[in-house]
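Q: Coordinates in upload.pdb, PDB, C-alpha atoms, are listed below.
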ATOM      1  CA  MET I 494       1.447  -6.906 -22.317
ATOM      2  CA  GLU I 495       4.594  -8.694 -21.294
ATOM      3  CA  GLU I 496       5.280 -11.607 -18.990
ATOM      4  CA  VAL I 497       7.083 -10.154 -15.961
ATOM      5  CA  GLU I 498       9.003 -12.303 -13.514
ATOM      6  CA  VAL I 499       8.337 -11.362  -9.877
ATOM      7  CA  SER I 500      11.075 -12.482  -7.495
ATOM      8  CA  PRO I 501      10.264 -14.034  -4.141
ATOM      9  CA  PRO I 502      10.225 -11.656  -1.181
ATOM     10  CA  GLN I 503      13.587 -10.978   0.443
ATOM     11  CA  PRO I 504      14.027 -10.469   4.217
ATOM     12  CA  MET I 505      11.366  -8.134   5.672
ATOM     13  CA  GLU I 506       9.339  -8.190   2.425
ATOM     14  CA  ILE I 507       6.021  -9.706   1.375
ATOM     15  CA  ARG I 508       4.710 -10.754  -2.027
ATOM     16  CA  ILE I 509       1.112  -9.744  -2.631
ATOM     17  CA  LYS I 510      -1.451 -10.985  -5.128
ATOM     18  CA  VAL I 511      -3.034  -7.695  -6.151
ATOM     19  CA  PHE I 512      -6.811  -7.868  -5.927
ATOM     20  CA  CYS I 513      -7.689  -4.266  -6.723
ATOM     21  CA  THR I 514      -5.685  -1.186  -7.693
ATOM     22  CA  SER I 515      -6.512   2.394  -8.590
ATOM     23  CA  LEU I 516      -5.150   4.951 -10.986
ATOM     24  CA  CYS I 517      -3.940   8.146  -9.343
ATOM     25  CA  ARG I 518      -2.825  11.416 -10.907
ATOM     26  CA  SER I 519       0.633  10.733  -9.447
ATOM     27  CA  ASP I 520       0.962   7.666 -11.689
ATOM     28  CA  LEU I 521       0.118   9.727 -14.769
ATOM     29  CA  THR I 522       2.496  12.531 -13.818
ATOM     30  CA  ALA I 523       5.388  10.097 -13.322
ATOM     31  CA  TRP I 524       4.585   8.335 -16.590
ATOM     32  CA  GLU I 525       4.527  11.623 -18.492
ATOM     33  CA  SER I 526       7.859  12.681 -16.964
ATOM     34  CA  HIS I 527       9.643   9.649 -18.490
ATOM     35  CA  ALA I 528      11.958   9.653 -15.482
ATOM     36  CA  ILE I 529      12.672   5.927 -14.998
ATOM     37  CA  PHE I 530      11.734   3.213 -17.491
ATOM     38  CA  PRO I 531      10.839   0.406 -17.889
ATOM     39  CA  ARG I 532       8.662   0.612 -14.817
ATOM     40  CA  ILE I 533       5.482  -0.860 -13.313
ATOM     41  CA  PHE I 534       3.261   1.935 -12.028
ATOM     42  CA  GLY I 535       0.534   1.877  -9.378
ATOM     43  CA  HIS I 536       0.857   2.798  -5.719
ATOM     44  CA  GLU I 537      -2.536   2.114  -4.159
ATOM     45  CA  ALA I 538      -3.777  -1.435  -3.916
ATOM     46  CA  SER I 539      -5.486  -4.069  -1.862
ATOM     47  CA  GLY I 540      -4.518  -7.702  -2.042
ATOM     48  CA  ILE I 541      -3.729 -10.968  -0.334
ATOM     49  CA  VAL I 542      -0.310 -11.960   0.992
ATOM     50  CA  GLU I 543       1.029 -14.775  -1.189
ATOM     51  CA  SER I 544       4.376 -15.293   0.571
ATOM     52  CA  VAL I 545       6.571 -13.683   3.238
ATOM     53  CA  GLY I 546      10.327 -13.158   3.477
ATOM     54  CA  LEU I 547      12.591 -13.980   6.394
ATOM     55  CA  GLY I 548      12.033 -11.926   9.524
ATOM     56  CA  VAL I 549       8.440 -10.968   8.709
ATOM     57  CA  THR I 550       6.306 -11.669  11.765
ATOM     58  CA  GLU I 551       3.299  -9.378  11.345
ATOM     59  CA  PHE I 552       1.994 -10.985   8.123
ATOM     60  CA  LYS I 553       1.288 -14.523   7.006
ATOM     61  CA  GLU I 554       0.095 -16.107   3.785
ATOM     62  CA  GLY I 555      -3.568 -15.318   3.194
ATOM     63  CA  ASP I 556      -3.646 -12.015   5.112
ATOM     64  CA  HIS I 557      -5.619  -9.206   3.465
ATOM     65  CA  VAL I 558      -3.551  -6.035   3.089
ATOM     66  CA  LEU I 559      -3.439  -2.495   1.764
ATOM     67  CA  THR I 560      -0.218  -1.174   0.280
ATOM     68  CA  VAL I 561       1.226   2.034   1.694
ATOM     69  CA  PHE I 562       3.597   4.036  -0.503
ATOM     70  CA  ILE I 563       5.071   5.835   2.502
ATOM     71  CA  GLY I 564       5.856   3.006   4.884
ATOM     72  CA  GLU I 565       6.467   2.936   8.611
ATOM     73  CA  CYS I 566       9.538   1.274  10.102
ATOM     74  CA  MET I 567       8.200   1.910  13.625
ATOM     75  CA  ALA I 568      11.732   2.677  14.868
ATOM     76  CA  CYS I 569      12.833   6.045  13.434
ATOM     77  CA  ARG I 570      12.072   9.342  15.176
ATOM     78  CA  PRO I 571       9.011  10.317  13.075
ATOM     79  CA  CYS I 572       7.494   6.821  13.411
ATOM     80  CA  THR I 573       7.893   6.716  17.179
ATOM     81  CA  SER I 574       6.651  10.285  17.647
ATOM     82  CA  GLY I 575       3.061   9.390  16.757
ATOM     83  CA  LYS I 576       2.790  12.765  15.011
ATOM     84  CA  SER I 577       4.009  11.988  11.496
ATOM     85  CA  ASN I 578       3.699   9.399   8.767
ATOM     86  CA  ILE I 579       6.891  10.490   6.992
ATOM     87  CA  CYS I 580       9.218   7.622   7.894
ATOM     88  CA  GLN I 581      12.952   8.296   7.569
ATOM     89  CA  VAL I 582      13.620   4.676   6.550
ATOM     90  CA  LEU I 583      10.621   3.787   4.366
ATOM     91  CA  GLY I 584       9.706   7.230   3.043
ATOM     92  CA  LEU I 585       8.723   7.977  -0.535
ATOM     93  CA  GLU I 586      10.933   5.839  -2.797
ATOM     94  CA  ARG I 587      11.864   7.695  -6.017
ATOM     95  CA  LYS I 588      14.635   5.550  -7.555
ATOM     96  CA  GLY I 589      12.443   2.612  -8.621
ATOM     97  CA  LEU I 590      14.194   0.217  -6.242
ATOM     98  CA  MET I 591      13.382  -1.652  -3.064
ATOM     99  CA  HIS I 592      14.145   0.125   0.229
ATOM    100  CA  SER I 593      16.031  -2.853   1.667
ATOM    101  CA  ASP I 594      18.737  -3.546  -0.916
ATOM    102  CA  GLN I 595      18.304  -0.950  -3.687
ATOM    103  CA  LYS I 596      17.426  -3.682  -6.226
ATOM    104  CA  THR I 597      14.260  -4.465  -8.146
ATOM    105  CA  ARG I 598      12.033  -7.540  -7.763
ATOM    106  CA  PHE I 599      10.702  -7.391 -11.342
ATOM    107  CA  SER I 600      12.412  -8.517 -14.546
ATOM    108  CA  VAL I 601      11.667  -9.383 -18.158
ATOM    109  CA  LYS I 602      14.100 -11.792 -19.827
ATOM    110  CA  GLY I 603      16.684 -11.006 -17.161
ATOM    111  CA  LYS I 604      16.450  -7.223 -17.540
ATOM    112  CA  PRO I 605      15.288  -5.191 -14.508
ATOM    113  CA  ILE I 606      11.876  -3.525 -14.439
ATOM    114  CA  TYR I 607      11.699  -0.662 -11.950
ATOM    115  CA  HIS I 608       9.200  -0.157  -9.154
ATOM    116  CA  TYR I 609       6.994   2.866  -8.581
ATOM    117  CA  CYS I 610       6.663   4.327  -5.066
ATOM    118  CA  ALA I 611       7.818   0.995  -3.598
ATOM    119  CA  VAL I 612       4.468  -0.590  -4.557
ATOM    120  CA  SER I 613       4.002  -1.214  -8.335
ATOM    121  CA  SER I 614       0.397  -2.378  -8.115
ATOM    122  CA  PHE I 615      -0.317  -2.485 -11.876
ATOM    123  CA  SER I 616       0.880  -6.073 -11.777
ATOM    124  CA  GLU I 617      -0.837  -9.309 -10.837
ATOM    125  CA  TYR I 618       1.773  -9.786  -8.089
ATOM    126  CA  THR I 619       4.047  -7.289  -6.378
ATOM    127  CA  VAL I 620       6.686  -7.326  -3.650
ATOM    128  CA  VAL I 621       6.734  -4.636  -0.957
ATOM    129  CA  HIS I 622       8.654  -4.065   2.263
ATOM    130  CA  SER I 623       6.544  -5.331   5.175
ATOM    131  CA  GLY I 624       6.506  -1.761   6.512
ATOM    132  CA  CYS I 625       4.737  -0.671   3.318
ATOM    133  CA  ALA I 626       1.628  -2.749   3.937
ATOM    134  CA  VAL I 627      -1.180  -2.684   6.469
ATOM    135  CA  LYS I 628      -3.187  -5.731   7.487
ATOM    136  CA  VAL I 629      -6.959  -5.325   7.165
ATOM    137  CA  SER I 630      -9.892  -7.445   8.222
ATOM    138  CA  PRO I 631     -10.733 -10.272   5.808
ATOM    139  CA  HIS I 632     -14.369  -9.124   6.065
ATOM    140  CA  VAL I 633     -13.663  -5.735   4.469
ATOM    141  CA  PRO I 634     -14.321  -5.746   0.701
ATOM    142  CA  LEU I 635     -10.922  -5.366  -0.991
ATOM    143  CA  GLU I 636     -12.441  -3.688  -4.048
ATOM    144  CA  LYS I 637     -13.805  -0.878  -1.884
ATOM    145  CA  ILE I 638     -10.841  -0.113   0.335
ATOM    146  CA  CYS I 639      -7.932   0.069  -2.106
ATOM    147  CA  LEU I 640      -8.366   3.846  -2.421
ATOM    148  CA  LEU I 641      -7.554   4.193   1.277
ATOM    149  CA  SER I 642      -3.995   3.038   0.689
ATOM    150  CA  CYS I 643      -3.156   6.321  -1.039
ATOM    151  CA  GLY I 644      -5.809   8.566   0.484
ATOM    152  CA  VAL I 645      -4.898   7.773   4.090
ATOM    153  CA  ALA I 646      -1.129   7.880   3.580
ATOM    154  CA  ALA I 647      -1.307  11.113   1.592
ATOM    155  CA  GLY I 648      -3.460  12.760   4.252
ATOM    156  CA  LYS I 649      -0.347  13.801   6.189
ATOM    157  CA  CYS I 650      -2.105  15.844   8.851
ATOM    158  CA  PHE I 651      -5.528  14.257   8.903
ATOM    159  CA  LYS I 652      -6.393  12.393  12.079
ATOM    160  CA  CYS I 653      -9.809  11.234  10.975
ATOM    161  CA  LEU I 654     -11.979  10.523   7.987
ATOM    162  CA  LEU I 655     -15.661  11.228   7.678
ATOM    163  CA  LEU I 656     -17.446   8.460   5.848
ATOM    164  CA  VAL I 657     -21.014   7.489   5.178
ATOM    165  CA  LEU I 658     -21.971   4.059   6.372
ATOM    166  CA  ARG I 659     -25.065   2.314   5.134
ATOM    167  CA  ASN I 660     -27.107   0.448   7.700
ATOM    168  CA  GLY I 661     -27.764  -2.954   6.071
ATOM    169  CA  LYS I 662     -31.368  -3.132   7.250
ATOM    170  CA  ASP I 663     -32.958   0.171   6.380
ATOM    171  CA  LYS I 664     -30.313   1.613   3.997
ATOM    172  CA  VAL I 665     -30.187   4.789   6.072
ATOM    173  CA  LYS I 666     -26.944   6.670   5.655
ATOM    174  CA  ARG I 667     -25.168   7.385   8.917
ATOM    175  CA  PRO I 668     -21.891   9.278   9.148
ATOM    176  CA  VAL I 669     -19.058   7.682  11.062
ATOM    177  CA  VAL I 670     -15.730   9.045  12.228
ATOM    178  CA  ILE I 671     -12.739   6.777  11.889
ATOM    179  CA  ASN I 672      -9.892   7.930  14.094
ATOM    180  CA  ILE I 673      -6.627   6.668  12.672
ATOM    181  CA  ARG I 674      -4.294   6.159  15.618
ATOM    182  CA  ASN I 675      -1.444   4.455  13.801
ATOM    183  CA  LEU I 676      -1.368   3.436  10.133
ATOM    184  CA  LYS I 677       0.998   0.527  10.659
ATOM    185  CA  SER I 678      -0.944  -1.217  13.381
ATOM    186  CA  CYS I 679      -4.126  -0.244  11.563
ATOM    187  CA  TYR I 680      -5.920   0.474  14.804
ATOM    188  CA  LEU I 681      -9.137   2.129  13.737
ATOM    189  CA  GLU I 682     -11.589   3.569  16.208
ATOM    190  CA  VAL I 683     -15.055   3.799  14.708
ATOM    191  CA  LYS I 684     -17.776   6.003  16.175
ATOM    192  CA  LEU I 685     -21.299   6.190  14.819
ATOM    193  CA  LEU I 686     -22.713   9.683  14.839
ATOM    194  CA  ASN I 687     -26.392  10.377  15.453
TER     195      ASN I 687
END
If you took the structure in this file and wrote it as structure tokens, what would it be?
A:
Amino acid sequence: MEEVEVSPPQPMEIRIKVFCTSLCRSDLTAWESHAIFPRIFGHEASGIVESVGLGVTEFKEGDHVLTVFIGECMACRPCTSGKSNICQVLGLERKGLMHSDQKTRFSVKGKPIYHYCAVSSFSEYTVVHSGCAVKVSPHVPLEKICLLSCGVAAGKCFKCLLLVLRNGKDKVKRPVVINIRNLKSCYLEVKLLN
């Protein structure tokens, strides 16, 4: 373990205190490839916004968020089409740098540490572009939803998820459909099925 310095968020970025993260096969594959090192892996996480950079209006300190490794700028053609989550501006980042300025926000003794998929969640704190995070309800358990940050974003063509919801009273399992209208605005339509 090393002490890593995490820079403050730059314009349109947020710094997140990572609450929960998950290990994905993608992390292992990238690690085994030895492509870019030193690097902080992890691309699916839930956390709490610690600070915000200039120009960020959709997040504030204390917001609960999920990271999204394929962000949404909400201005490019795919983002405005409503049919794709493959943003032309905040798409999959492969160079280990931030989208905004092609620099890293991590360092050890002044030497850069590279990012992974614009998230780097295997760290106590991380910095992401504000388009690479989704605000979630503070009532949702962060330890249970961090898997959605990769699962939802990677589900390129899926419009809904089928989940099992436990009724708190009688513990009866009831399936629900969550229709994901727009990842960035995190508008979720929930329907209980009989």
Q: Residues picked by the PyMOL selection byres ((chain I and resi 590) around 10) here, as a list in words?
A: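 Against this file, the PyMOL selection byres ((chain I and resi 590) around 10) returns the residues Glu586, Arg587, Lys588, Gly589, Met591, His592, Ser593, Asp594, Gln595, Lys596, Thr597, Arg598, Phe599, Pro605, Ile606, Tyr607, His608, Tyr609, Cys610, Ala611 and Val612 of chain I.
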Q: Would you please work out which residue, of I:Val558, I:Cys517, I:Val511, I:Met505, is nearest to I:Lys628 when using only C-alpha atoms?
A: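 For I:Lys628, the nearest of the given residues is I:Val558.
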Q: So which residues touch stretch 536-543 of chain I within 9 Å, counting all atoms listed in the file, skipping near sequence neighbours fewer than 3 positions away, as a PyMOL selection string?
A: chain I and resi 507-517+519-520+552-562+609-615+618+635-644
Q: Can you work out which one of I:Ile533, I:Pro502, I:Leu585, I:Lys604 has the shortest atom-to-atom distance to I:Ser623, counting all atoms listed in the file?
A: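 Closest to I:Ser623 of all the choices is I:Pro502.
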Q: As AutoDock Vina command-line options, what would the box around stretch 582-586 of chain I look like: edges along x, y and z, 6 Å added on every side, centre and edge lengths in Å to one decimal?
A:
--center_x 11.2 --center_y 5.9 --center_z 1.9 --size_x 16.9 --size_y 16.2 --size_z 21.3
Q: Report, in Å with one decimal, the straight-line distance from atom CA of I:Ala626 to atom CA of I:Val549.
A: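 Distance between the two atoms: 11.7 Å.
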Q: Please compute the atom CA of I:Glu498-atom CA of I:Cys566 distance, one decimal, in Å.
A: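 Computing the Euclidean distance for atom CA of I:Glu498 and atom CA of I:Cys566 yields 27.2 Å.
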